[in-house]
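Below: the structure, in structure tokens.
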Amino acid sequence: MKKMMKGKMPSVGVEGHWSADKFSDNVLQDALIRHALGLTYLQMADVGEVLETFAKFKAGIQQ
């Protein structure tokens, strides 16, 4: 086993760790999108609906 350096994330794959990818620069909005996507596992949300809603927020569309 490799020794992990203290305070440094191990590199995973080519792109790095999945948590480095952000949906939004806004921390709260990013957390809410991740939470809503997590609900798809429990069939409480649909991936397409979450991404469509996020795209509307990003575009500034109001209904």
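Each chain in the structure tokens gets a letter, A, B and so on, in the order shown; residues start at 1 in every chain, and ligands are counted from 1 in the order they appear.
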Surrounding residues of range 54-57 of chain A excluding itself and chain neighbours under 3 positions, 12 Å, only C-alpha atoms, as an MDAnalysis selection string: chainID A and resid 23:24 26 29:34 36:37 47:51 60:63
Straight-line distance linking CA of Glu52 in chain A with CA of His35 in chain A, stated in Å to one decimal: 15.1 Å
Interatomic distance (Å, one decimal) between CA of Lys58 in chain A and CA of Lys22 in chain A: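 A separation of 13.0 Å between them.
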